[in-house]
file protein.csv (CSV, C-alpha atoms)
chain,number,residue,atom,x,y,z
A,7,MET,CA,21.5,17.4,9.4
A,8,THR,CA,24.0,15.1,7.8
A,9,SER,CA,26.6,17.5,6.3
A,10,THR,CA,27.4,21.1,5.6
A,11,VAL,CA,25.6,23.1,3.0
A,12,PRO,CA,27.7,23.6,-0.1
A,13,ALA,CA,28.8,27.0,-1.3
A,14,LEU,CA,26.4,28.8,-3.6
A,15,GLY,CA,28.7,28.5,-6.5
A,16,THR,CA,28.5,24.7,-6.5
A,17,ARG,CA,24.7,24.4,-6.3
A,18,THR,CA,23.7,24.4,-9.9
A,19,ALA,CA,25.3,23.7,-13.2
A,20,GLU,CA,25.6,26.8,-15.5
A,21,GLY,CA,22.3,27.6,-17.1
A,22,SER,CA,20.2,25.3,-14.8
A,23,ALA,CA,17.4,26.6,-12.7
A,24,LEU,CA,17.4,23.6,-10.5
A,25,GLN,CA,18.8,24.5,-7.0
A,26,ALA,CA,18.1,21.4,-5.0
A,27,VAL,CA,16.4,18.0,-4.9
A,28,LEU,CA,14.2,17.0,-1.9
A,29,LEU,CA,13.2,13.4,-1.6
A,30,ASP,CA,10.7,11.6,0.5
A,31,MET,CA,11.9,8.3,2.1
A,32,ASP,CA,9.3,5.6,2.6
A,33,GLY,CA,7.9,4.3,-0.7
A,34,THR,CA,10.0,6.8,-2.6
A,35,LEU,CA,13.6,5.7,-1.9
A,36,VAL,CA,13.0,2.6,0.2
A,37,ASP,CA,10.3,0.0,-0.4
A,38,THR,CA,8.9,0.2,3.1
A,39,GLU,CA,5.3,1.5,2.8
A,40,GLY,CA,4.3,-2.2,3.0
A,41,PHE,CA,6.4,-2.6,6.1
A,42,TRP,CA,4.4,0.1,8.0
A,43,TRP,CA,1.1,-1.5,7.0
A,44,ASP,CA,2.3,-5.0,8.0
A,45,VAL,CA,3.4,-3.6,11.4
A,46,GLU,CA,0.1,-1.8,11.9
A,47,VAL,CA,-1.8,-5.0,11.0
A,48,GLU,CA,0.3,-7.1,13.5
A,49,ILE,CA,0.0,-4.7,16.4
A,50,PHE,CA,-3.8,-4.1,16.1
A,51,ALA,CA,-4.2,-7.9,15.7
A,52,ARG,CA,-2.5,-8.3,19.1
A,53,LEU,CA,-5.0,-5.8,20.4
A,54,GLY,CA,-7.8,-7.9,19.1
A,55,HIS,CA,-8.7,-5.9,16.0
A,56,THR,CA,-8.5,-6.6,12.2
A,57,LEU,CA,-7.6,-3.8,9.9
A,58,ASP,CA,-9.6,-3.3,6.7
A,59,GLU,CA,-7.4,-3.4,3.6
A,60,SER,CA,-9.2,-0.3,2.3
A,61,TRP,CA,-7.8,1.7,5.2
A,62,ARG,CA,-4.3,1.3,3.8
A,63,HIS,CA,-4.9,4.1,1.3
A,64,VAL,CA,-6.1,6.3,4.1
A,65,VAL,CA,-3.0,5.9,6.3
A,66,VAL,CA,-0.3,5.7,3.6
A,67,GLY,CA,2.2,8.6,3.5
A,68,GLY,CA,0.8,10.3,6.6
A,69,PRO,CA,2.4,11.3,9.8
A,70,MET,CA,2.1,8.7,12.6
A,71,THR,CA,-0.3,11.0,14.6
A,72,ARG,CA,-2.7,11.0,11.7
A,73,SER,CA,-2.4,7.3,10.5
A,74,ALA,CA,-2.3,5.8,14.0
A,75,GLY,CA,-5.0,8.1,15.2
A,76,PHE,CA,-7.3,7.1,12.4
A,77,LEU,CA,-6.7,3.4,13.1
A,78,ILE,CA,-7.4,3.8,16.8
A,79,GLU,CA,-10.7,5.6,16.0
A,80,ALA,CA,-11.7,3.2,13.3
A,81,THR,CA,-11.1,0.1,15.4
A,82,GLY,CA,-12.0,1.4,18.8
A,83,ALA,CA,-8.7,-0.1,20.2
A,84,ALA,CA,-8.1,0.6,23.9
A,85,ILE,CA,-4.7,2.2,23.4
A,86,THR,CA,-3.4,5.8,23.4
A,87,LEU,CA,-1.7,7.5,20.5
A,88,ALA,CA,1.5,7.7,22.5
A,89,GLU,CA,1.5,4.0,23.3
A,90,ILE,CA,0.7,2.9,19.8
A,91,SER,CA,3.4,5.2,18.4
A,92,VAL,CA,6.1,3.5,20.5
A,93,LEU,CA,4.9,0.1,19.3
A,94,LEU,CA,4.8,1.1,15.7
A,95,ASN,CA,8.3,2.6,15.7
A,96,GLU,CA,9.7,-0.5,17.5
A,97,GLY,CA,8.0,-2.8,15.1
A,98,PHE,CA,9.3,-0.9,12.1
A,99,GLU,CA,12.8,-0.8,13.4
A,100,GLN,CA,12.8,-4.5,13.7
A,101,ARG,CA,11.7,-4.9,10.1
A,102,ILE,CA,14.3,-2.6,8.6
A,103,GLY,CA,16.9,-4.3,10.8
A,104,THR,CA,16.5,-7.4,8.7
A,105,ALA,CA,15.8,-6.0,5.2
A,106,LEU,CA,15.7,-2.6,3.6
A,107,PRO,CA,15.0,-2.9,-0.1
A,108,LEU,CA,15.6,0.2,-2.2
A,109,MET,CA,13.1,1.3,-4.9
A,110,PRO,CA,14.2,0.7,-8.5
A,111,GLY,CA,16.4,3.5,-9.6
A,112,ALA,CA,17.0,5.0,-6.2
A,113,LYS,CA,20.7,4.0,-5.8
A,114,ARG,CA,21.5,5.3,-9.3
A,115,LEU,CA,19.7,8.6,-8.8
A,116,LEU,CA,21.3,9.3,-5.4
A,117,ALA,CA,24.7,8.5,-6.8
A,118,GLU,CA,24.2,10.9,-9.7
A,119,LEU,CA,23.0,13.8,-7.6
A,120,HIS,CA,26.0,13.3,-5.2
A,121,GLU,CA,28.5,13.1,-8.1
A,122,GLN,CA,27.1,16.3,-9.6
A,123,GLN,CA,27.1,18.1,-6.2
A,124,ILE,CA,23.4,18.8,-6.2
A,125,PRO,CA,22.2,19.8,-2.8
A,126,THR,CA,19.9,17.0,-1.7
A,127,ALA,CA,17.6,16.7,1.4
A,128,LEU,CA,15.7,13.7,2.8
A,129,VAL,CA,12.3,14.9,3.9
A,130,SER,CA,10.2,12.3,5.8
A,131,ALA,CA,7.2,12.1,8.1
A,132,SER,CA,9.0,9.3,9.9
A,133,HIS,CA,10.6,10.1,13.2
A,134,ARG,CA,14.3,10.9,13.6
A,135,ARG,CA,15.1,7.5,15.1
A,136,ILE,CA,13.7,5.8,12.0
A,137,ILE,CA,15.4,8.2,9.5
A,138,ASP,CA,18.8,7.7,11.1
A,139,ARG,CA,18.5,3.9,10.8
A,140,VAL,CA,17.5,4.2,7.1
A,141,LEU,CA,20.3,6.7,6.4
A,142,THR,CA,22.8,4.1,7.3
A,143,SER,CA,21.6,2.0,4.4
A,144,LEU,CA,21.0,4.9,2.0
A,145,GLY,CA,24.4,6.5,2.7
A,146,PRO,CA,24.3,9.7,4.8
A,147,HIS,CA,26.8,11.3,2.4
A,148,HIS,CA,24.1,11.4,-0.3
A,149,PHE,CA,22.2,14.0,1.7
A,150,THR,CA,23.1,17.6,2.6
A,151,LEU,CA,20.5,17.5,5.4
A,152,SER,CA,17.4,15.6,6.5
A,153,VAL,CA,14.1,16.6,8.1
A,154,ALA,CA,12.1,14.2,10.3
A,155,GLY,CA,8.4,14.3,11.0
A,156,ASP,CA,9.0,14.8,14.8
A,157,GLU,CA,11.2,17.8,14.1
A,158,VAL,CA,8.5,20.1,12.8
A,159,SER,CA,5.3,21.4,14.5
A,160,ARG,CA,3.3,20.5,11.4
A,161,THR,CA,4.4,17.7,9.2
A,162,LYS,CA,3.0,16.5,5.8
A,163,PRO,CA,0.6,17.4,4.3
A,164,TYR,CA,1.5,20.9,5.6
A,165,PRO,CA,4.3,22.7,3.7
A,166,ASP,CA,6.5,23.1,6.8
A,167,PRO,CA,8.9,20.1,6.2
A,168,TYR,CA,9.8,21.2,2.6
A,169,LEU,CA,10.0,24.9,3.6
A,170,LEU,CA,12.4,23.9,6.4
A,171,ALA,CA,14.5,21.8,4.0
A,172,ALA,CA,14.7,24.6,1.4
A,173,ALA,CA,15.6,27.1,4.1
A,174,GLY,CA,18.3,24.8,5.5
A,175,LEU,CA,19.8,24.5,2.0
A,176,GLY,CA,19.5,28.3,1.4
A,177,VAL,CA,17.5,27.8,-1.8
A,178,ASP,CA,14.2,28.9,-3.3
A,179,PRO,CA,11.4,26.3,-2.8
A,180,ALA,CA,10.2,27.1,-6.3
A,181,ARG,CA,13.5,26.0,-7.7
A,182,CYS,CA,13.4,22.7,-5.8
A,183,ALA,CA,12.4,19.4,-7.4
A,184,VAL,CA,10.6,17.2,-4.9
A,185,ILE,CA,10.1,13.4,-5.4
A,186,GLU,CA,7.2,11.9,-3.6
A,187,ASP,CA,5.1,8.7,-3.7
A,188,THR,CA,1.9,9.7,-1.9
A,189,ALA,CA,-0.9,12.3,-2.2
A,190,THR,CA,0.0,13.5,1.3
A,191,GLY,CA,3.6,14.1,0.4
A,192,VAL,CA,2.6,15.7,-2.9
A,193,ALA,CA,0.3,18.1,-1.1
A,194,SER,CA,3.0,19.1,1.3
A,195,ALA,CA,5.5,19.8,-1.5
A,196,GLU,CA,3.0,21.7,-3.6
A,197,ALA,CA,1.9,23.8,-0.7
A,198,ALA,CA,5.6,24.8,-0.2
A,199,GLY,CA,5.7,25.9,-3.9
A,200,CYS,CA,8.0,23.2,-5.2
A,201,GLN,CA,8.0,21.4,-8.5
A,202,VAL,CA,6.9,17.8,-7.8
A,203,VAL,CA,7.7,14.5,-9.4
A,204,ALA,CA,5.2,11.9,-8.2
A,205,VAL,CA,6.1,8.2,-8.2
A,206,PRO,CA,2.9,6.6,-6.9
A,207,SER,CA,3.6,3.6,-4.6
A,208,VAL,CA,0.2,2.5,-3.2
A,209,ALA,CA,-2.5,4.8,-4.5
A,210,PRO,CA,-2.7,6.5,-7.9
A,211,ILE,CA,-1.7,10.2,-8.3
A,212,ALA,CA,-3.0,12.3,-11.2
A,213,PRO,CA,-0.8,14.8,-13.1
A,214,ALA,CA,-1.4,18.5,-12.4
A,215,GLU,CA,0.2,21.9,-12.8
A,216,ARG,CA,3.8,21.8,-11.4
A,217,ARG,CA,3.4,18.0,-11.0
A,218,THR,CA,4.8,15.3,-13.2
A,219,VAL,CA,3.8,11.6,-12.6
A,220,VAL,CA,6.3,8.8,-13.6
A,221,GLY,CA,6.1,5.1,-13.1
A,222,SER,CA,9.5,4.6,-11.4
A,223,LEU,CA,12.6,6.4,-10.3
A,224,GLU,CA,14.2,4.6,-13.2
A,225,ASP,CA,12.5,7.3,-15.3
A,226,VAL,CA,14.2,10.1,-13.3
A,227,ASP,CA,17.7,11.5,-13.7
A,228,LEU,CA,19.3,14.9,-13.3
A,229,ALA,CA,18.7,15.9,-16.9
A,230,PHE,CA,15.0,15.1,-16.4
A,231,LEU,CA,14.8,17.2,-13.2
A,232,ARG,CA,16.6,20.1,-14.8
A,233,GLY,CA,14.3,19.9,-17.8
A,234,LEU,CA,11.3,20.4,-15.5
A,235,MET,CA,12.8,23.6,-14.2
A,236,THR,CA,13.7,24.8,-17.7
A,237,GLU,CA,10.0,24.4,-18.6
A,238,MET,CA,9.1,26.8,-15.8
A,239,ARG,CA,11.0,29.7,-17.3
call {"tool": "encode", "arguments": {"input": "protein.csv", "output": "structure tokens"}}
result
Amino acid sequence: MTSTVPALGTRTAEGSALQAVLLDMDGTLVDTEGFWWDVEVEIFARLGHTLDESWRHVVVGGPMTRSAGFLIEATGAAITLAEISVLLNEGFEQRIGTALPLMPGAKRLLAELHEQQIPTALVSASHRRIIDRVLTSLGPHHFTLSVAGDEVSRTKPYPDPYLLAAAGLGVDPARCAVIEDTATGVASAEAAGCQVVAVPSVAPIAPAERRTVVGSLEDVDLAFLRGLMTEMR
């Protein structure tokens, strides 16, 4: 966790049903989904295997156990899940150590949420070691708390990460707006009962009940998120 939970009285503006905003990391706030794929391609190439580009849609947004497990099975690579996880995390850390591009609109949205004292959580399937590196660039002061994929027994697409974040903030999941970029993350947030804003990064995501699809974070601001909650009433 990155800071203390604000008092209940500061959580929402008068008349707003929005209690908190929960954000995914890779592909949502930081333009790193391609980084993961590039690292996976490089590592499996060293093992003598070529990854099919079509597999990218299968592994995007998932926990490492699922994505790496799929690639090991698909390629038949002679490596364990534990071994490949270490290599993937190390390769990704090297990538973000040289460049960490933010998604369009991310900096502005985080600044607005912070300025308006909206409780905000970073909820990612990435491991804690990765999240803490990324938080240095995003600014840990922007987040009330963060939840990593290796801190829950079941990560996305299960609801556990978002339920844990809502509980940590002391808010109702149904009054949380979640911003996600993959179907896996959307499924997790919807299973937790949250209102979802999908900003697709790699694969398309269709609109649905309690789900709004936008083209970019530049289309999202606090008024927009509050408006989604008002429509629920």
call {"tool": "closest_residue", "arguments": {"input": "protein.csv", "among": "A:Met235, A:Leu77, A:Cys200, A:Ile185", "to": "Ala51 in chain A", "atoms": "all atoms listed in the file"}}
result
A:Leu77
call {"tool": "atom_distance", "arguments": {"input": "protein.csv", "atom1": "CA of Phe76 in chain A", "atom2": "CA of Gly33 in chain A"}}
result
20.3 Å
call {"tool": "residues_around", "arguments": {"input": "protein.csv", "residues": "Gln201 in chain A", "least_positions_apart": "2", "cutoff": "8 Å", "atoms": "only C-alpha atoms", "output": "count of residues only"}}
result
13
call {"tool": "atom_distance", "arguments": {"input": "protein.csv", "atom1": "CA of Ala26 in chain A", "atom2": "CA of Ser132 in chain A"}}
result
21.2 Å
call {"tool": "residues_around", "arguments": {"input": "protein.csv", "residues": "Val219 in chain A", "least_positions_apart": "3", "cutoff": "10 Å", "atoms": "only C-alpha atoms", "output": "PyMOL selection string"}}
result
chain A and resi 185-187+202-206+210-214+222
call {"tool": "write_last_selection", "arguments": {"input": "protein.csv", "atoms": "C-alpha atoms", "output": "PDB file, in the coordinates of the input"}}
result
ATOM      1  CA  ILE A 185      10.100  13.400  -5.400  1.00  0.00           C
ATOM      2  CA  GLU A 186       7.200  11.900  -3.600  1.00  0.00           C
ATOM      3  CA  ASP A 187       5.100   8.700  -3.700  1.00  0.00           C
ATOM      4  CA  VAL A 202       6.900  17.800  -7.800  1.00  0.00           C
ATOM      5  CA  VAL A 203       7.700  14.500  -9.400  1.00  0.00           C
ATOM      6  CA  ALA A 204       5.200  11.900  -8.200  1.00  0.00           C
ATOM      7  CA  VAL A 205       6.100   8.200  -8.200  1.00  0.00           C
ATOM      8  CA  PRO A 206       2.900   6.600  -6.900  1.00  0.00           C
ATOM      9  CA  PRO A 210      -2.700   6.500  -7.900  1.00  0.00           C
ATOM     10  CA  ILE A 211      -1.700  10.200  -8.300  1.00  0.00           C
ATOM     11  CA  ALA A 212      -3.000  12.300 -11.200  1.00  0.00           C
ATOM     12  CA  PRO A 213      -0.800  14.800 -13.100  1.00  0.00           C
ATOM     13  CA  ALA A 214      -1.400  18.500 -12.400  1.00  0.00           C
ATOM     14  CA  SER A 222       9.500   4.600 -11.400  1.00  0.00           C
TER      15      SER A 222
END
call {"tool": "closest_residue", "arguments": {"input": "protein.csv", "among": "A:His147, A:Met70, A:Arg135, A:Leu128", "to": "Arg160 in chain A", "atoms": "only C-alpha atoms"}}
result
A:Met70
call {"tool": "closest_residue", "arguments": {"input": "protein.csv", "among": "A:Glu215, A:Glu39, A:Glu157, A:Asp227", "to": "Val65 in chain A", "atoms": "only C-alpha atoms"}}
result
A:Glu39
call {"tool": "residues_near_point", "arguments": {"input": "protein.csv", "point": "(23.6, 3.4, -8.8)", "cutoff": "12 Å", "atoms": "only C-alpha atoms", "output": "PyMOL selection string"}}
result
chain A and resi 108-121+144-145+148+223-224+227
call {"tool": "residues_around", "arguments": {"input": "protein.csv", "residues": "Arg101 in chain A", "least_positions_apart": "6", "cutoff": "12 Å", "atoms": "all atoms listed in the file", "output": "ChimeraX atom specification"}}
result
/A:37-45,94-95,107,136,139-140
call {"tool": "closest_residue", "arguments": {"input": "protein.csv", "among": "A:Leu175, A:Ala23, A:Leu106, A:Met31", "to": "Leu228 in chain A", "atoms": "all atoms listed in the file"}}
result
A:Ala23
call {"tool": "closest_residue", "arguments": {"input": "protein.csv", "among": "A:Ala131, A:Ile124, A:Ile49, A:Leu93", "to": "Arg72 in chain A", "atoms": "all atoms listed in the file"}}
result
A:Ala131
call {"tool": "atom_distance", "arguments": {"input": "protein.csv", "atom1": "CA of Ser143 in chain A", "atom2": "CA of Phe50 in chain A"}}
result
28.6 Å
call {"tool": "closest_residue", "arguments": {"input": "protein.csv", "among": "A:Val66, A:Val226, A:Ile85, A:Leu53", "to": "Thr190 in chain A", "atoms": "only C-alpha atoms"}}
result
A:Val66
call {"tool": "decode", "arguments": {"input": "protein.csv", "residues": "range 68-111 of chain A", "atoms": "N, CA and C atoms", "output": "mmCIF file, in the first residue's frame"}}
result
data_model
loop_
_atom_site.group_PDB
_atom_site.id
_atom_site.type_symbol
_atom_site.label_atom_id
_atom_site.label_comp_id
_atom_site.auth_asym_id
_atom_site.auth_seq_id
_atom_site.Cartn_x
_atom_site.Cartn_y
_atom_site.Cartn_z
ATOM 1 N N GLY A 68 -3.220 -11.191 -18.941
ATOM 2 C CA GLY A 68 -3.364 -12.283 -17.992
ATOM 3 C C GLY A 68 -2.262 -12.323 -16.962
ATOM 4 N N PRO A 69 -2.469 -13.080 -15.885
ATOM 5 C CA PRO A 69 -1.403 -13.279 -14.912
ATOM 6 C C PRO A 69 -0.273 -14.077 -15.551
ATOM 7 N N MET A 70 0.921 -13.940 -15.019
ATOM 8 C CA MET A 70 2.073 -14.612 -15.612
ATOM 9 C C MET A 70 1.915 -16.126 -15.605
ATOM 10 N N THR A 71 1.275 -16.651 -14.570
ATOM 11 C CA THR A 71 1.094 -18.096 -14.517
ATOM 12 C C THR A 71 0.291 -18.596 -15.712
ATOM 13 N N ARG A 72 -0.705 -17.812 -16.120
ATOM 14 C CA ARG A 72 -1.522 -18.231 -17.253
ATOM 15 C C ARG A 72 -0.813 -17.988 -18.575
ATOM 16 N N SER A 73 -0.278 -16.775 -18.764
ATOM 17 C CA SER A 73 0.330 -16.433 -20.048
ATOM 18 C C SER A 73 1.596 -17.254 -20.306
ATOM 19 N N ALA A 74 2.471 -17.325 -19.305
ATOM 20 C CA ALA A 74 3.703 -18.095 -19.479
ATOM 21 C C ALA A 74 3.398 -19.581 -19.591
ATOM 22 N N GLY A 75 2.424 -20.041 -18.818
ATOM 23 C CA GLY A 75 2.037 -21.442 -18.888
ATOM 24 C C GLY A 75 1.523 -21.815 -20.270
ATOM 25 N N PHE A 76 0.737 -20.921 -20.846
ATOM 26 C CA PHE A 76 0.222 -21.159 -22.200
ATOM 27 C C PHE A 76 1.363 -21.250 -23.204
ATOM 28 N N LEU A 77 2.316 -20.338 -23.116
ATOM 29 C CA LEU A 77 3.414 -20.308 -24.079
ATOM 30 C C LEU A 77 4.322 -21.530 -23.939
ATOM 31 N N ILE A 78 4.538 -21.984 -22.708
ATOM 32 C CA ILE A 78 5.334 -23.196 -22.505
ATOM 33 C C ILE A 78 4.641 -24.388 -23.150
ATOM 34 N N GLU A 79 3.338 -24.490 -22.927
ATOM 35 C CA GLU A 79 2.584 -25.610 -23.497
ATOM 36 C C GLU A 79 2.518 -25.524 -25.018
ATOM 37 N N ALA A 80 2.317 -24.306 -25.535
ATOM 38 C CA ALA A 80 2.171 -24.137 -26.985
ATOM 39 C C ALA A 80 3.471 -24.419 -27.730
ATOM 40 N N THR A 81 4.594 -24.078 -27.115
ATOM 41 C CA THR A 81 5.889 -24.256 -27.789
ATOM 42 C C THR A 81 6.573 -25.572 -27.430
ATOM 43 N N GLY A 82 6.201 -26.130 -26.271
ATOM 44 C CA GLY A 82 6.894 -27.320 -25.807
ATOM 45 C C GLY A 82 8.275 -27.015 -25.255
ATOM 46 N N ALA A 83 8.507 -25.768 -24.858
ATOM 47 C CA ALA A 83 9.816 -25.352 -24.346
ATOM 48 C C ALA A 83 10.178 -26.123 -23.083
ATOM 49 N N ALA A 84 11.448 -26.483 -22.986
ATOM 50 C CA ALA A 84 11.936 -27.250 -21.841
ATOM 51 C C ALA A 84 12.332 -26.297 -20.717
ATOM 52 N N ILE A 85 11.335 -25.739 -20.061
ATOM 53 C CA ILE A 85 11.566 -24.801 -18.973
ATOM 54 C C ILE A 85 10.362 -24.839 -18.047
ATOM 55 N N THR A 86 10.581 -24.618 -16.761
ATOM 56 C CA THR A 86 9.475 -24.636 -15.810
ATOM 57 C C THR A 86 8.823 -23.263 -15.716
ATOM 58 N N LEU A 87 7.630 -23.243 -15.174
ATOM 59 C CA LEU A 87 6.924 -21.982 -14.994
ATOM 60 C C LEU A 87 7.700 -21.057 -14.056
ATOM 61 N N ALA A 88 8.282 -21.612 -13.007
ATOM 62 C CA ALA A 88 9.052 -20.798 -12.069
ATOM 63 C C ALA A 88 10.271 -20.187 -12.752
ATOM 64 N N GLU A 89 10.945 -20.962 -13.579
ATOM 65 C CA GLU A 89 12.136 -20.477 -14.267
ATOM 66 C C GLU A 89 11.803 -19.380 -15.277
ATOM 67 N N ILE A 90 10.738 -19.588 -16.054
ATOM 68 C CA ILE A 90 10.375 -18.600 -17.076
ATOM 69 C C ILE A 90 9.867 -17.321 -16.419
ATOM 70 N N SER A 91 9.202 -17.431 -15.270
ATOM 71 C CA SER A 91 8.695 -16.249 -14.564
ATOM 72 C C SER A 91 9.834 -15.326 -14.149
ATOM 73 N N VAL A 92 10.921 -15.930 -13.674
ATOM 74 C CA VAL A 92 12.087 -15.126 -13.281
ATOM 75 C C VAL A 92 12.656 -14.403 -14.500
ATOM 76 N N LEU A 93 12.791 -15.111 -15.607
ATOM 77 C CA LEU A 93 13.348 -14.512 -16.817
ATOM 78 C C LEU A 93 12.455 -13.397 -17.354
ATOM 79 N N LEU A 94 11.147 -13.606 -17.319
ATOM 80 C CA LEU A 94 10.214 -12.595 -17.825
ATOM 81 C C LEU A 94 10.256 -11.330 -16.974
ATOM 82 N N ASN A 95 10.245 -11.499 -15.655
ATOM 83 C CA ASN A 95 10.295 -10.331 -14.774
ATOM 84 C C ASN A 95 11.599 -9.566 -14.940
ATOM 85 N N GLU A 96 12.713 -10.297 -15.051
ATOM 86 C CA GLU A 96 14.003 -9.634 -15.232
ATOM 87 C C GLU A 96 14.057 -8.894 -16.556
ATOM 88 N N GLY A 97 13.557 -9.517 -17.612
ATOM 89 C CA GLY A 97 13.554 -8.876 -18.926
ATOM 90 C C GLY A 97 12.680 -7.639 -18.954
ATOM 91 N N PHE A 98 11.526 -7.712 -18.281
ATOM 92 C CA PHE A 98 10.620 -6.567 -18.258
ATOM 93 C C PHE A 98 11.218 -5.424 -17.449
ATOM 94 N N GLU A 99 11.838 -5.741 -16.333
ATOM 95 C CA GLU A 99 12.470 -4.703 -15.513
ATOM 96 C C GLU A 99 13.554 -3.967 -16.292
ATOM 97 N N GLN A 100 14.286 -4.690 -17.112
ATOM 98 C CA GLN A 100 15.306 -4.045 -17.940
ATOM 99 C C GLN A 100 14.663 -3.089 -18.932
ATOM 100 N N ARG A 101 13.533 -3.487 -19.494
ATOM 101 C CA ARG A 101 12.841 -2.629 -20.464
ATOM 102 C C ARG A 101 12.343 -1.347 -19.824
ATOM 103 N N ILE A 102 11.682 -1.458 -18.686
ATOM 104 C CA ILE A 102 11.118 -0.255 -18.075
ATOM 105 C C ILE A 102 12.185 0.596 -17.418
ATOM 106 N N GLY A 103 13.382 0.036 -17.255
ATOM 107 C CA GLY A 103 14.475 0.820 -16.710
ATOM 108 C C GLY A 103 15.018 1.831 -17.699
ATOM 109 N N THR A 104 14.734 1.613 -18.991
ATOM 110 C CA THR A 104 15.219 2.530 -20.024
ATOM 111 C C THR A 104 14.119 3.422 -20.585
ATOM 112 N N ALA A 105 12.873 2.969 -20.511
ATOM 113 C CA ALA A 105 11.764 3.766 -21.051
ATOM 114 C C ALA A 105 10.457 3.293 -20.429
ATOM 115 N N LEU A 106 9.600 4.233 -20.076
ATOM 116 C CA LEU A 106 8.296 3.892 -19.533
ATOM 117 C C LEU A 106 7.267 4.898 -20.053
ATOM 118 N N PRO A 107 6.801 4.706 -21.274
ATOM 119 C CA PRO A 107 5.855 5.659 -21.856
ATOM 120 C C PRO A 107 4.466 5.540 -21.232
ATOM 121 N N LEU A 108 3.879 6.665 -20.906
ATOM 122 C CA LEU A 108 2.527 6.687 -20.364
ATOM 123 C C LEU A 108 1.516 6.665 -21.502
ATOM 124 N N MET A 109 0.354 6.107 -21.236
ATOM 125 C CA MET A 109 -0.722 6.135 -22.219
ATOM 126 C C MET A 109 -1.269 7.562 -22.314
ATOM 127 N N PRO A 110 -1.747 7.955 -23.496
ATOM 128 C CA PRO A 110 -2.310 9.303 -23.653
ATOM 129 C C PRO A 110 -3.432 9.559 -22.642
ATOM 130 N N GLY A 111 -3.337 10.663 -21.939
ATOM 131 C CA GLY A 111 -4.360 11.038 -20.967
ATOM 132 C C GLY A 111 -4.119 10.532 -19.564
#
